[in-house]
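Source file: query_16.csv. Holds: CSV, C-alpha atoms.
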chain,number,residue,atom,x,y,z
A,810,LEU,CA,37.3,-7.1,-16.1
A,811,ARG,CA,39.7,-5.5,-13.5
A,812,THR,CA,39.1,-2.0,-14.9
A,813,ALA,CA,35.3,-2.5,-14.7
A,814,GLY,CA,35.5,-3.8,-11.2
A,815,PHE,CA,34.2,-7.3,-12.0
A,816,GLY,CA,35.5,-10.4,-10.3
A,817,TYR,CA,36.1,-13.7,-12.1
A,818,CYS,CA,36.3,-17.3,-10.7
A,819,THR,CA,35.7,-20.9,-11.8
A,820,ILE,CA,34.0,-23.6,-9.8
A,821,ASP,CA,33.3,-27.3,-10.4
A,822,TYR,CA,29.9,-29.0,-10.4
A,823,SER,CA,30.1,-29.5,-6.6
A,824,PHE,CA,30.7,-25.7,-6.3
A,825,ARG,CA,34.3,-26.0,-5.2
A,826,PHE,CA,36.5,-23.1,-6.2
A,827,LEU,CA,39.1,-23.9,-9.0
A,828,SER,CA,40.4,-20.4,-9.5
A,829,VAL,CA,39.7,-16.9,-8.1
A,830,ASP,CA,41.1,-13.6,-9.3
A,831,ASP,CA,42.1,-10.8,-7.0
A,832,THR,CA,38.8,-8.8,-7.6
A,833,ALA,CA,36.7,-11.9,-6.8
A,834,VAL,CA,38.7,-12.4,-3.6
A,835,GLN,CA,37.9,-8.9,-2.6
A,836,LEU,CA,34.2,-9.2,-3.5
A,837,LEU,CA,33.7,-12.5,-1.7
A,838,GLY,CA,35.4,-11.0,1.4
A,839,HIS,CA,37.7,-13.9,2.2
A,840,ASP,CA,41.4,-14.6,1.3
A,841,ARG,CA,42.3,-16.9,-1.5
A,842,ASP,CA,43.6,-19.7,0.7
A,843,PHE,CA,40.2,-19.8,2.5
A,844,LEU,CA,38.2,-19.8,-0.7
A,845,MET,CA,40.2,-22.6,-2.3
A,846,VAL,CA,39.4,-25.1,0.5
A,847,HIS,CA,35.7,-24.1,0.6
A,848,ARG,CA,32.7,-24.2,-1.7
A,849,LEU,CA,30.6,-21.4,-3.0
A,850,CYS,CA,27.6,-22.8,-1.1
A,851,ASP,CA,29.7,-22.5,2.1
A,852,ILE,CA,30.3,-18.8,1.4
A,853,LEU,CA,26.5,-18.4,0.6
A,854,PRO,CA,24.7,-20.8,3.0
A,855,ASP,CA,21.4,-18.9,2.6
A,856,TYR,CA,21.4,-19.3,-1.1
A,857,VAL,CA,22.0,-23.0,-1.6
A,858,GLN,CA,18.8,-23.4,-3.6
A,859,THR,CA,19.6,-20.3,-5.7
A,860,ILE,CA,23.1,-21.2,-6.7
A,861,SER,CA,22.1,-24.8,-7.5
A,862,GLN,CA,20.8,-23.2,-10.8
A,863,LEU,CA,24.4,-22.8,-11.9
A,864,VAL,CA,24.6,-26.5,-12.8
A,865,ARG,CA,21.5,-26.3,-15.1
A,866,SER,CA,22.2,-27.0,-18.7
A,867,GLU,CA,19.7,-24.4,-20.0
A,868,PRO,CA,20.5,-20.6,-19.9
A,869,ILE,CA,19.9,-18.9,-16.6
A,870,ALA,CA,19.5,-15.3,-15.5
A,871,PRO,CA,22.2,-13.7,-13.3
A,872,LEU,CA,21.7,-14.5,-9.7
A,873,GLN,CA,21.5,-11.9,-6.9
A,874,VAL,CA,23.0,-12.9,-3.5
A,875,SER,CA,24.0,-11.1,-0.3
A,876,LEU,CA,26.8,-12.0,2.0
A,877,VAL,CA,28.7,-10.7,5.0
A,878,THR,CA,32.4,-10.6,4.5
A,879,ALA,CA,35.1,-11.7,7.0
A,880,GLN,CA,35.4,-8.0,7.8
A,881,GLY,CA,31.6,-7.8,8.6
A,882,THR,CA,30.6,-5.8,5.5
A,883,LEU,CA,27.2,-6.6,4.0
A,884,ARG,CA,27.6,-6.9,0.2
A,885,THR,CA,25.2,-7.7,-2.6
A,886,LEU,CA,26.7,-9.5,-5.6
A,887,LEU,CA,25.3,-10.4,-9.1
A,888,LEU,CA,26.6,-13.8,-10.3
A,889,THR,CA,26.6,-14.2,-14.0
A,890,ARG,CA,27.5,-17.6,-15.5
A,891,LEU,CA,29.8,-17.1,-18.5
A,892,ALA,CA,30.4,-20.7,-19.4
A,893,TYR,CA,29.2,-24.2,-18.5
A,894,GLU,CA,31.5,-26.9,-19.9
A,895,ASP,CA,34.4,-29.3,-19.2
A,896,GLN,CA,33.1,-30.0,-15.7
A,897,GLN,CA,33.6,-26.4,-14.6
A,898,ILE,CA,31.6,-23.2,-14.5
A,899,GLU,CA,33.0,-19.7,-15.2
A,900,LEU,CA,31.4,-16.9,-13.0
A,901,LEU,CA,31.5,-13.2,-13.3
A,902,LEU,CA,31.0,-11.3,-10.0
A,903,GLN,CA,29.6,-7.8,-9.8
A,904,ASP,CA,29.1,-5.7,-6.7
A,905,VAL,CA,25.7,-4.1,-6.9
A,906,SER,CA,25.4,-3.1,-3.2
A,907,GLY,CA,25.1,0.6,-3.8
A,908,VAL,CA,22.3,0.2,-6.3
A,909,ILE,CA,20.5,-2.3,-4.1
A,910,GLN,CA,20.8,-0.1,-1.0
A,911,GLN,CA,19.3,2.8,-2.9
A,912,ARG,CA,16.5,0.6,-4.1
A,913,ASP,CA,16.0,-0.8,-0.6
A,914,THR,CA,15.6,2.7,0.8
A,915,ILE,CA,12.9,3.5,-1.8
A,916,LEU,CA,11.0,0.3,-1.5
A,917,LYS,CA,11.1,0.2,2.3
A,918,SER,CA,9.4,3.6,2.3
A,919,PHE,CA,6.4,2.1,0.5
A,920,SER,CA,3.2,1.5,2.5
A,921,ASP,CA,2.5,-1.5,0.2
A,922,ALA,CA,4.0,-4.9,0.3
A,923,VAL,CA,6.6,-5.4,-2.5
A,924,LEU,CA,8.2,-8.5,-4.1
A,925,ILE,CA,11.2,-8.5,-6.5
A,926,LEU,CA,11.2,-11.5,-8.9
A,927,ASN,CA,13.8,-12.6,-11.4
A,928,CYS,CA,12.9,-13.8,-14.9
A,929,ASN,CA,12.6,-17.4,-13.6
A,930,GLN,CA,9.8,-16.1,-11.2
A,931,GLU,CA,12.1,-16.7,-8.2
A,932,ILE,CA,11.8,-14.3,-5.3
A,933,LEU,CA,14.9,-12.1,-4.9
A,934,GLU,CA,13.6,-9.7,-2.2
A,935,ILE,CA,10.5,-9.3,-0.1
A,936,TYR,CA,9.5,-6.1,1.5
A,937,PRO,CA,6.5,-7.0,3.8
A,938,ASN,CA,4.0,-4.9,5.5
A,939,GLU,CA,0.7,-5.6,7.4
A,940,THR,CA,-0.8,-7.0,4.1
A,941,LEU,CA,2.0,-9.4,3.5
A,942,ASP,CA,3.5,-10.4,6.9
A,943,ILE,CA,5.8,-13.3,6.1
A,944,ASP,CA,9.3,-14.4,7.1
A,945,LEU,CA,11.8,-13.2,4.5
A,946,SER,CA,14.4,-16.0,4.7
A,947,GLN,CA,11.7,-18.7,4.2
A,948,PHE,CA,11.0,-17.7,0.6
A,949,ILE,CA,14.1,-16.0,-0.9
A,950,GLY,CA,15.2,-18.0,-3.9
A,951,ARG,CA,11.9,-19.9,-4.2
A,952,CYS,CA,9.6,-19.8,-7.2
A,953,ILE,CA,6.5,-17.7,-6.7
A,954,THR,CA,4.4,-20.8,-7.6
A,955,ASP,CA,6.1,-23.0,-5.0
A,956,ASN,CA,3.4,-22.7,-2.3
A,957,VAL,CA,4.7,-19.3,-1.3
A,958,LEU,CA,1.4,-17.3,-1.4
A,959,GLU,CA,-2.2,-18.2,-0.5
A,960,PRO,CA,-4.5,-18.7,-2.3
A,961,ALA,CA,-2.5,-20.8,-4.8
A,962,ASP,CA,-4.2,-19.3,-7.8
A,963,LEU,CA,-2.9,-15.8,-6.8
A,964,ALA,CA,0.7,-17.1,-7.3
A,965,GLN,CA,-0.3,-18.4,-10.8
A,966,GLU,CA,-1.8,-15.0,-11.6
A,967,ILE,CA,1.4,-13.2,-10.5
A,968,TYR,CA,3.4,-15.7,-12.6
A,969,LYS,CA,1.3,-15.0,-15.7
A,970,TYR,CA,1.3,-11.2,-15.4
A,971,ALA,CA,5.1,-11.1,-14.6
A,972,GLN,CA,5.7,-12.9,-17.9
A,973,TYR,CA,3.6,-10.3,-19.6
A,974,ALA,CA,5.5,-7.5,-17.9
A,975,LEU,CA,8.9,-8.9,-19.0
A,976,THR,CA,7.9,-9.2,-22.6
A,977,SER,CA,5.9,-6.0,-23.0
A,978,THR,CA,7.5,-3.7,-20.4
A,979,ASP,CA,4.0,-2.3,-19.8
A,980,LEU,CA,2.4,-2.0,-16.4
A,981,GLN,CA,0.3,-5.0,-15.5
A,982,ALA,CA,-2.5,-4.8,-12.9
A,983,PHE,CA,-5.2,-7.1,-11.6
A,984,GLN,CA,-7.4,-7.5,-8.5
A,985,PHE,CA,-8.2,-10.5,-6.3
A,986,HIS,CA,-9.9,-11.2,-3.0
A,987,SER,CA,-9.3,-13.6,-0.1
A,988,PHE,CA,-11.1,-14.5,3.1
A,989,THR,CA,-9.9,-14.0,6.7
A,990,ASP,CA,-10.3,-16.6,9.5
A,991,ASN,CA,-13.7,-15.1,10.4
A,992,ASN,CA,-14.8,-15.3,6.8
A,993,ALA,CA,-14.6,-11.6,6.1
A,994,THR,CA,-13.6,-10.6,2.5
A,995,ARG,CA,-10.3,-8.7,1.8
A,996,PHE,CA,-9.6,-7.1,-1.6
A,997,PHE,CA,-6.2,-6.5,-3.1
A,998,GLU,CA,-4.7,-4.9,-6.2
A,999,LEU,CA,-1.4,-6.0,-7.7
A,1000,ARG,CA,0.7,-3.9,-10.0
A,1001,ILE,CA,3.6,-5.5,-11.8
A,1002,ARG,CA,6.3,-3.8,-13.8
A,1003,ALA,CA,9.6,-4.9,-15.3
A,1004,LEU,CA,12.7,-3.3,-13.5
A,1005,SER,CA,15.0,-4.7,-16.2
A,1006,ASP,CA,15.1,-7.6,-18.7
A,1007,ARG,CA,15.6,-9.9,-15.8
A,1008,GLU,CA,13.7,-8.5,-12.8
A,1009,VAL,CA,10.1,-7.7,-12.0
A,1010,LEU,CA,8.6,-5.5,-9.4
A,1011,VAL,CA,5.3,-6.7,-7.8
A,1012,ILE,CA,3.4,-4.2,-5.6
A,1013,ILE,CA,0.6,-5.6,-3.4
A,1014,ARG,CA,-1.9,-3.1,-2.1
A,1015,GLU,CA,-5.0,-3.8,0.0
A,1016,ILE,CA,-8.1,-2.0,-1.3
A,1017,THR,CA,-10.7,-3.4,1.0
A,1018,ALA,CA,-11.8,0.1,2.3
A,1019,PHE,CA,-12.0,1.4,-1.3
A,1020,LYS,CA,-14.1,-1.6,-2.4
A,1021,ARG,CA,-16.5,-1.0,0.5
A,1022,GLU,CA,-16.9,2.6,-0.5
A,1023,GLU,CA,-17.3,1.5,-4.1
A,1024,GLU,CA,-20.1,-0.8,-3.0
A,1025,VAL,CA,-21.8,1.9,-1.1
A,1026,LEU,CA,-21.5,4.3,-4.0
A,1027,GLY,CA,-22.8,1.6,-6.4
A,1028,GLY,CA,-25.8,1.1,-4.1
A,1029,ALA,CA,-26.5,4.8,-4.0
A,1030,ILE,CA,-26.3,5.1,-7.8
A,1031,GLU,CA,-28.6,2.1,-8.2
A,1032,GLY,CA,-31.1,3.7,-5.7
A,1033,LEU,CA,-30.9,7.1,-7.5
A,1034,ASP,CA,-31.6,5.4,-10.9
A,1035,ALA,CA,-34.6,3.5,-9.4
A,1036,LEU,CA,-35.9,6.7,-7.9
A,1037,GLN,CA,-35.6,8.6,-11.2
A,1038,LYS,CA,-37.4,5.8,-13.1
A,1039,MET,CA,-40.2,5.8,-10.6
A,1040,ASN,CA,-40.7,9.5,-10.8
A,1041,LYS,CA,-40.7,9.4,-14.5
A,1042,GLU,CA,-43.4,6.7,-14.6
A,1043,LEU,CA,-45.5,8.4,-11.8
A,1044,SER,CA,-45.5,11.7,-13.7
A,1045,VAL,CA,-47.7,10.2,-16.3
A,1046,GLN,CA,-50.5,9.0,-14.1
A,1047,LEU,CA,-51.2,9.6,-10.4
A,1048,GLU,CA,-54.1,7.3,-9.7
A,1049,HIS,CA,-53.7,5.6,-6.4
A,1050,GLU,CA,-53.6,2.0,-7.6
A,1051,TYR,CA,-51.1,2.9,-10.3
A,1052,VAL,CA,-48.9,4.8,-7.9
A,1053,ALA,CA,-48.9,1.8,-5.5
A,1054,GLN,CA,-48.1,-0.6,-8.3
A,1055,VAL,CA,-45.2,1.4,-9.8
A,1056,GLY,CA,-43.8,2.4,-6.4
A,1057,LEU,CA,-43.9,-1.2,-5.0
A,1058,ASP,CA,-42.4,-2.6,-8.1
A,1059,ARG,CA,-39.4,-0.2,-8.0
A,1060,MET,CA,-38.8,-0.8,-4.3
A,1061,MET,CA,-38.9,-4.6,-4.7
A,1062,ARG,CA,-36.5,-4.4,-7.6
A,1063,LEU,CA,-34.1,-2.3,-5.6
A,1064,SER,CA,-34.1,-4.6,-2.6
A,1065,HIS,CA,-34.4,-7.8,-4.6
A,1066,VAL,CA,-37.5,-9.2,-2.8
A,1067,SER,CA,-40.4,-11.1,-4.2
A,1068,ASN,CA,-43.0,-10.4,-1.5
A,1069,GLY,CA,-44.5,-7.1,-0.5
A,1070,PHE,CA,-47.7,-5.0,-0.4
A,1071,VAL,CA,-49.0,-1.4,0.0
A,1072,ALA,CA,-52.0,-0.7,2.3
A,1073,LEU,CA,-53.8,2.6,2.7
A,1074,LEU,CA,-55.6,3.9,5.8
A,1075,GLU,CA,-59.4,4.3,5.2
A,1076,SER,CA,-61.9,4.9,8.0
A,1077,LYS,CA,-59.1,4.2,10.5
A,1078,GLN,CA,-58.4,0.8,9.1
A,1079,LEU,CA,-55.7,-0.4,6.8
A,1080,LYS,CA,-57.0,-1.8,3.5
A,1081,LEU,CA,-54.9,-3.7,0.9
A,1082,LEU,CA,-54.2,-1.6,-2.2
A,1083,HIS,CA,-51.7,-3.6,-4.1
A,1084,HIS,CA,-49.6,-6.7,-3.4
A,1085,VAL,CA,-47.0,-8.9,-5.0
A,1086,GLY,CA,-46.1,-12.4,-3.8
A,1087,ASN,CA,-47.6,-15.6,-2.3
A,1088,TYR,CA,-50.0,-14.0,0.2
A,1089,ASN,CA,-53.2,-15.6,1.5
A,1090,ILE,CA,-55.3,-12.5,0.7
A,1091,PRO,CA,-58.3,-13.2,3.1
A,1092,CYS,CA,-55.8,-13.8,5.9
A,1093,LEU,CA,-53.8,-10.7,5.0
A,1094,ASN,CA,-57.0,-8.5,4.9
A,1095,THR,CA,-57.9,-9.8,8.4
A,1096,TYR,CA,-54.4,-9.2,9.6
A,1097,LEU,CA,-54.5,-5.5,8.4
A,1098,LYS,CA,-57.7,-4.9,10.3
A,1099,ARG,CA,-56.2,-5.9,13.7
A,1100,GLN,CA,-54.7,-3.4,16.1
A,1101,ASP,CA,-52.2,-5.8,17.9
A,1102,THR,CA,-49.7,-6.3,15.1
A,1103,LEU,CA,-46.2,-5.2,14.4
A,1104,ILE,CA,-47.5,-3.0,11.5
A,1105,THR,CA,-49.7,-1.1,14.0
A,1106,LYS,CA,-46.7,-0.6,16.3
A,1107,VAL,CA,-44.5,0.8,13.5
A,1108,SER,CA,-47.4,3.0,12.1
A,1109,ASP,CA,-47.7,4.6,15.5
A,1110,SER,CA,-44.0,5.3,15.6
A,1111,GLU,CA,-44.2,7.1,12.2
A,1112,ARG,CA,-40.7,5.7,11.4
A,1113,SER,CA,-39.5,3.0,9.0
A,1114,VAL,CA,-38.0,-0.2,10.6
A,1115,PHE,CA,-36.0,-3.2,9.3
A,1116,TYR,CA,-35.9,-6.3,11.4
A,1117,LYS,CA,-34.0,-9.4,10.5
A,1118,GLY,CA,-33.0,-12.8,11.9
A,1119,SER,CA,-33.3,-13.2,15.7
A,1120,GLU,CA,-34.2,-9.5,16.1
A,1121,LEU,CA,-37.3,-10.1,13.9
A,1122,ARG,CA,-38.3,-13.3,15.7
A,1123,ASN,CA,-38.0,-11.6,19.1
A,1124,GLN,CA,-40.6,-9.0,18.2
A,1125,THR,CA,-43.6,-10.1,20.3
A,1126,LEU,CA,-46.1,-8.7,17.9
A,1127,TYR,CA,-44.5,-10.2,14.8
A,1128,GLU,CA,-46.5,-12.9,12.9
A,1129,PRO,CA,-45.0,-14.3,9.7
A,1130,LEU,CA,-47.1,-13.7,6.6
A,1131,ILE,CA,-44.7,-15.7,4.4
A,1132,LYS,CA,-43.1,-18.8,5.9
A,1133,GLU,CA,-39.5,-18.3,4.6
A,1134,THR,CA,-39.3,-14.7,5.7
A,1135,ASP,CA,-36.1,-13.7,7.6
A,1136,GLY,CA,-36.3,-9.9,7.3
A,1137,VAL,CA,-39.1,-7.3,7.0
A,1138,PHE,CA,-39.1,-3.6,6.0
A,1139,ILE,CA,-42.1,-1.6,7.2
A,1140,CYS,CA,-42.4,2.0,6.4
A,1141,PRO,CA,-45.4,4.3,7.2
A,1142,LEU,CA,-46.8,6.5,4.4
A,1143,MET,CA,-47.0,9.9,6.0
A,1144,TYR,CA,-48.4,13.2,4.5
A,1145,GLN,CA,-48.4,16.4,6.5
A,1146,GLU,CA,-47.7,14.4,9.7
A,1147,LYS,CA,-50.7,12.1,9.1
A,1148,LEU,CA,-50.6,8.4,8.5
A,1149,MET,CA,-51.9,7.5,5.0
A,1150,GLY,CA,-50.8,3.9,4.8
A,1151,ILE,CA,-47.8,1.5,5.0
A,1152,VAL,CA,-45.3,-0.2,2.7
A,1153,TYR,CA,-44.4,-3.8,3.7
A,1154,LEU,CA,-41.5,-5.8,2.2
A,1155,GLU,CA,-40.2,-9.1,3.3
A,1156,THR,CA,-37.2,-11.2,2.3
A,1157,ASP,CA,-35.5,-14.5,2.9
A,1158,ASP,CA,-32.1,-12.8,2.3
A,1159,PRO,CA,-31.7,-9.8,4.6
A,1160,GLN,CA,-28.2,-9.0,3.3
A,1161,ASN,CA,-29.8,-7.2,0.3
A,1162,PHE,CA,-31.0,-4.5,2.6
A,1163,THR,CA,-27.8,-2.5,2.9
A,1164,PRO,CA,-27.7,0.9,4.6
A,1165,SER,CA,-27.8,2.6,1.2
A,1166,VAL,CA,-30.8,0.5,0.1
A,1167,LEU,CA,-32.7,1.3,3.3
A,1168,GLN,CA,-32.0,5.0,2.9
A,1169,THR,CA,-33.2,5.0,-0.7
A,1170,LEU,CA,-36.3,3.0,0.2
A,1171,ASP,CA,-37.2,5.8,2.7
A,1172,VAL,CA,-36.8,8.4,0.0
A,1173,MET,CA,-38.9,6.4,-2.5
A,1174,VAL,CA,-41.7,5.9,0.1
A,1175,GLY,CA,-41.6,9.7,0.7
A,1176,HIS,CA,-42.1,10.3,-3.0

Show this structure as structure tokens.
Amino acid sequence: LRTAGFGYCTIDYSFRFLSVDDTAVQLLGHDRDFLMVHRLCDILPDYVQTISQLVRSEPIAPLQVSLVTAQGTLRTLLLTRLAYEDQQIELLLQDVSGVIQQRDTILKSFSDAVLILNCNQEILEIYPNETLDIDLSQFIGRCITDNVLEPADLAQEIYKYAQYALTSTDLQAFQFHSFTDNNATRFFELRIRALSDREVLVIIREITAFKREEEVLGGAIEGLDALQKMNKELSVQLEHEYVAQVGLDRMMRLSHVSNGFVALLESKQLKLLHHVGNYNIPCLNTYLKRQDTLITKVSDSERSVFYKGSELRNQTLYEPLIKETDGVFICPLMYQEKLMGIVYLETDDPQNFTPSVLQTLDVMVGH
């Protein structure tokens, strides 16, 4: 043990030192007389909960602790329980300061938050960042499931995947989301890998921006797919009624609405061509003939608009055609700078009209 640089000591069940060899004296940073009248928990006051595991009857993993010696040196030790019998505990002490310092330097350079867990799922080290901004001393030595992280099911997931990592040595990864105080959604990805047979590395990375871009890309792909399907169907037959039916159907599917219509301009008046939804058709026909409506205003502007919520209700020319409507999309049908008609969609859930959906709708109307 002396040749390998290990220290050896024995303590009783109240953690009082019974014997300490010369190397252990050096590693603990106090003279033998001082150690023999103190307890291990006096030397390591920040690790009382951690070293309490030494009196467990079941096997335990080596314990990692840090202390400041009487000479002011910061030292990290690995405590390995060799024996647990006859009212005394035999401990092997190993100085791992150099290894830990190298690891600390690497992990502190990470832009992600990092946790180090032992095989009992207790936190050995925390390297916080803006994602995981928590007090270090509060959680060192505590089990990951002991109300350390919110939401609680996140800790359970970390616990589960950490066990997988220890048994398989493969990289484990999963994603989760949480809500901020103002009810905004944040997305995270966790990657978990075994550092050894007794330690696990947990990397917590925020991927909210990536998820937002993924949603935009997904919306664009969905819009492109809808546009391709519409073009394919319209290439078969170009009769006005059929074009309106197919086009309206594809636009309503894309925006997830159940009410909408297409009207064409004939003899300077809009006439209903095709509709879907719970419209009162005589009232709708009368509405389309009027010149003092929101549709007329938008048609004159030759640009599509989307109004929702209070913005919609504050439009002086707006008249609800469906009672539950909380958002309307109106787009003029233009050909060679001439108004040919309008497309009108209305919804009770404006959130479906994302920027990518609105952009795709404009393209579909153009087609």

Subject >> Nearest residue to Gly950 of chain A from the set A:Ser977, A:Thr1125, A:Gln1078, A:Gln858 (distances using only C-alpha atoms) >> reply: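 Among the listed residues, the smallest separation from Gly950 of chain A belongs to A:Gln858.
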
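Between atom CA of Ser1110 of chain A and atom CA of Met1143 of chain A the interatomic distance comes to 11.1 Å.
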
Using all atoms listed in the file, list the residues that have an atom at most 12 Å from (19.9, -4.7, -0.8), coordinates as in the file, as an mmCIF file with C-alpha atoms, in the coordinates of the input.
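Final output, saved to part37.cif:
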data_model
loop_
_atom_site.group_PDB
_atom_site.id
_atom_site.type_symbol
_atom_site.label_atom_id
_atom_site.label_comp_id
_atom_site.auth_asym_id
_atom_site.auth_seq_id
_atom_site.Cartn_x
_atom_site.Cartn_y
_atom_site.Cartn_z
ATOM 1 C CA GLN A 873 21.500 -11.900 -6.900
ATOM 2 C CA VAL A 874 23.000 -12.900 -3.500
ATOM 3 C CA SER A 875 24.000 -11.100 -0.300
ATOM 4 C CA LEU A 876 26.800 -12.000 2.000
ATOM 5 C CA LEU A 883 27.200 -6.600 4.000
ATOM 6 C CA ARG A 884 27.600 -6.900 0.200
ATOM 7 C CA THR A 885 25.200 -7.700 -2.600
ATOM 8 C CA LEU A 886 26.700 -9.500 -5.600
ATOM 9 C CA LEU A 887 25.300 -10.400 -9.100
ATOM 10 C CA ASP A 904 29.100 -5.700 -6.700
ATOM 11 C CA VAL A 905 25.700 -4.100 -6.900
ATOM 12 C CA SER A 906 25.400 -3.100 -3.200
ATOM 13 C CA GLY A 907 25.100 0.600 -3.800
ATOM 14 C CA VAL A 908 22.300 0.200 -6.300
ATOM 15 C CA ILE A 909 20.500 -2.300 -4.100
ATOM 16 C CA GLN A 910 20.800 -0.100 -1.000
ATOM 17 C CA GLN A 911 19.300 2.800 -2.900
ATOM 18 C CA ARG A 912 16.500 0.600 -4.100
ATOM 19 C CA ASP A 913 16.000 -0.800 -0.600
ATOM 20 C CA THR A 914 15.600 2.700 0.800
ATOM 21 C CA ILE A 915 12.900 3.500 -1.800
ATOM 22 C CA LEU A 916 11.000 0.300 -1.500
ATOM 23 C CA LYS A 917 11.100 0.200 2.300
ATOM 24 C CA ILE A 925 11.200 -8.500 -6.500
ATOM 25 C CA LEU A 933 14.900 -12.100 -4.900
ATOM 26 C CA GLU A 934 13.600 -9.700 -2.200
ATOM 27 C CA ILE A 935 10.500 -9.300 -0.100
ATOM 28 C CA TYR A 936 9.500 -6.100 1.500
#

Can you pull out the residues contacting Asp831 of chain A? Cut-off 12 Å, using all atoms listed in the file, and skip same-chain residues under 6 positions away; I want them as a short mmCIF file (atom, residue, chain, number, x, y, z; two decimals) with C-alpha atoms, in the coordinates of the input.
data_model
loop_
_atom_site.label_atom_id
_atom_site.label_comp_id
_atom_site.auth_asym_id
_atom_site.auth_seq_id
_atom_site.Cartn_x
_atom_site.Cartn_y
_atom_site.Cartn_z
CA LEU A 810 37.30 -7.10 -16.10
CA ARG A 811 39.70 -5.50 -13.50
CA GLY A 814 35.50 -3.80 -11.20
CA PHE A 815 34.20 -7.30 -12.00
CA GLY A 816 35.50 -10.40 -10.30
CA TYR A 817 36.10 -13.70 -12.10
CA CYS A 818 36.30 -17.30 -10.70
CA LEU A 837 33.70 -12.50 -1.70
CA GLY A 838 35.40 -11.00 1.40
CA HIS A 839 37.70 -13.90 2.20
CA ASP A 840 41.40 -14.60 1.30
CA ARG A 841 42.30 -16.90 -1.50
CA ASP A 842 43.60 -19.70 0.70
CA LEU A 844 38.20 -19.80 -0.70
CA LEU A 902 31.00 -11.30 -10.00
#

Original post:
Could you state the separation of atom CA of Leu963 of chain A and atom CA of Ile1013 of chain A in Å, given to one decimal place?
Top reply: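 Between atom CA of Leu963 of chain A and atom CA of Ile1013 of chain A the gap works out to 11.3 Å.
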
Original post:
Interatomic distance between atom CA of Asn992 of chain A and atom CA of Leu1154 of chain A?
Top reply: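 These two atoms are separated by 28.7 Å.
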
Could you give me, as a tab-separated table (two decimals) with C-alpha atoms, in the coordinates of the input, the residues within 9 Å of Leu1148 of chain A, counting only C-alpha atoms and dropping anything in the same chain fewer than 6 positions from it?
chain	number	residue	atom	x	y	z
A	1073	LEU	CA	-53.80	2.60	2.70
A	1074	LEU	CA	-55.60	3.90	5.80
A	1108	SER	CA	-47.40	3.00	12.10
A	1109	ASP	CA	-47.70	4.60	15.50
A	1111	GLU	CA	-44.20	7.10	12.20
A	1141	PRO	CA	-45.40	4.30	7.20
A	1142	LEU	CA	-46.80	6.50	4.40

**OP:** Find the spatial neighbours of Ser866 of chain A, counting only C-alpha atoms, within a cut-off of 12 Å - ignore same-chain residues fewer than 6 positions away - and output them as a VMD selection string.
**Re:** chain A and resid 822 890 892 to 894 896 898

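The neighbours of segment 1079-1095 of chain A here are the residues that come within 7 Å of it, using only C-alpha atoms and leaving out any residue fewer than 2 positions away in the same chain; they are Glu1050, Ala1053, Gln1054, Ser1067, Asn1068, Gly1069, Phe1070, Val1071, Ala1072, Leu1073, Leu1074, Glu1075, Lys1077, Leu1097, Lys1098, Arg1099, Ile1131 and Gly1150 of chain A.
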
**OP:** Please work out which residues fall within 8 Å of (38.5, -18.3, -7.2), coordinates as given in the file, with all atoms listed in the file counting, and return them as number ranges by chain.
**Re:** A: 817-820, 826-830, 833-834, 841, 844-845

Original post:
With all atoms listed in the file as the basis for distance, which of A:Phe996, A:Phe983, A:Tyr1051, A:Phe1138 is at the shortest distance from Ser1113 of chain A?
Top reply: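 Closest to Ser1113 of chain A, using all atoms listed in the file: A:Phe1138.
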
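Among the candidates A:Gln1168, A:Asn1161, A:Ser987, A:Gln1100, the residue lying nearest to Arg1062 of chain A is A:Asn1161 (atoms considered: all atoms listed in the file).
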
Would you kindly return, as a compact mmCIF listing (two decimals) with C-alpha atoms, in the coordinates of the input, each protein, DNA or RNA residue with an atom no farther than 12 Å from any atom of Asp1158 of chain A, considering only C-alpha atoms and excluding same-chain residues fewer than 6 positions away?
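Output saved as part_17.txt:
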# COMPACT_ATOMS: atom_id res chain seq x y z
CA SER A 1064 -34.10 -4.60 -2.60
CA HIS A 1065 -34.40 -7.80 -4.60
CA VAL A 1066 -37.50 -9.20 -2.80
CA SER A 1067 -40.40 -11.10 -4.20
CA ASN A 1068 -43.00 -10.40 -1.50
CA TYR A 1116 -35.90 -6.30 11.40
CA LYS A 1117 -34.00 -9.40 10.50
CA GLY A 1118 -33.00 -12.80 11.90
CA GLU A 1133 -39.50 -18.30 4.60
CA THR A 1134 -39.30 -14.70 5.70
CA ASP A 1135 -36.10 -13.70 7.60
CA GLY A 1136 -36.30 -9.90 7.30
CA VAL A 1137 -39.10 -7.30 7.00

Original post:
Looking at A:Leu891, A:Val1166, A:Ile1016, A:Ile1001, which one is nearest to Ala870 of chain A, with distances taken over all atoms listed in the file?
Top reply: A:Leu891
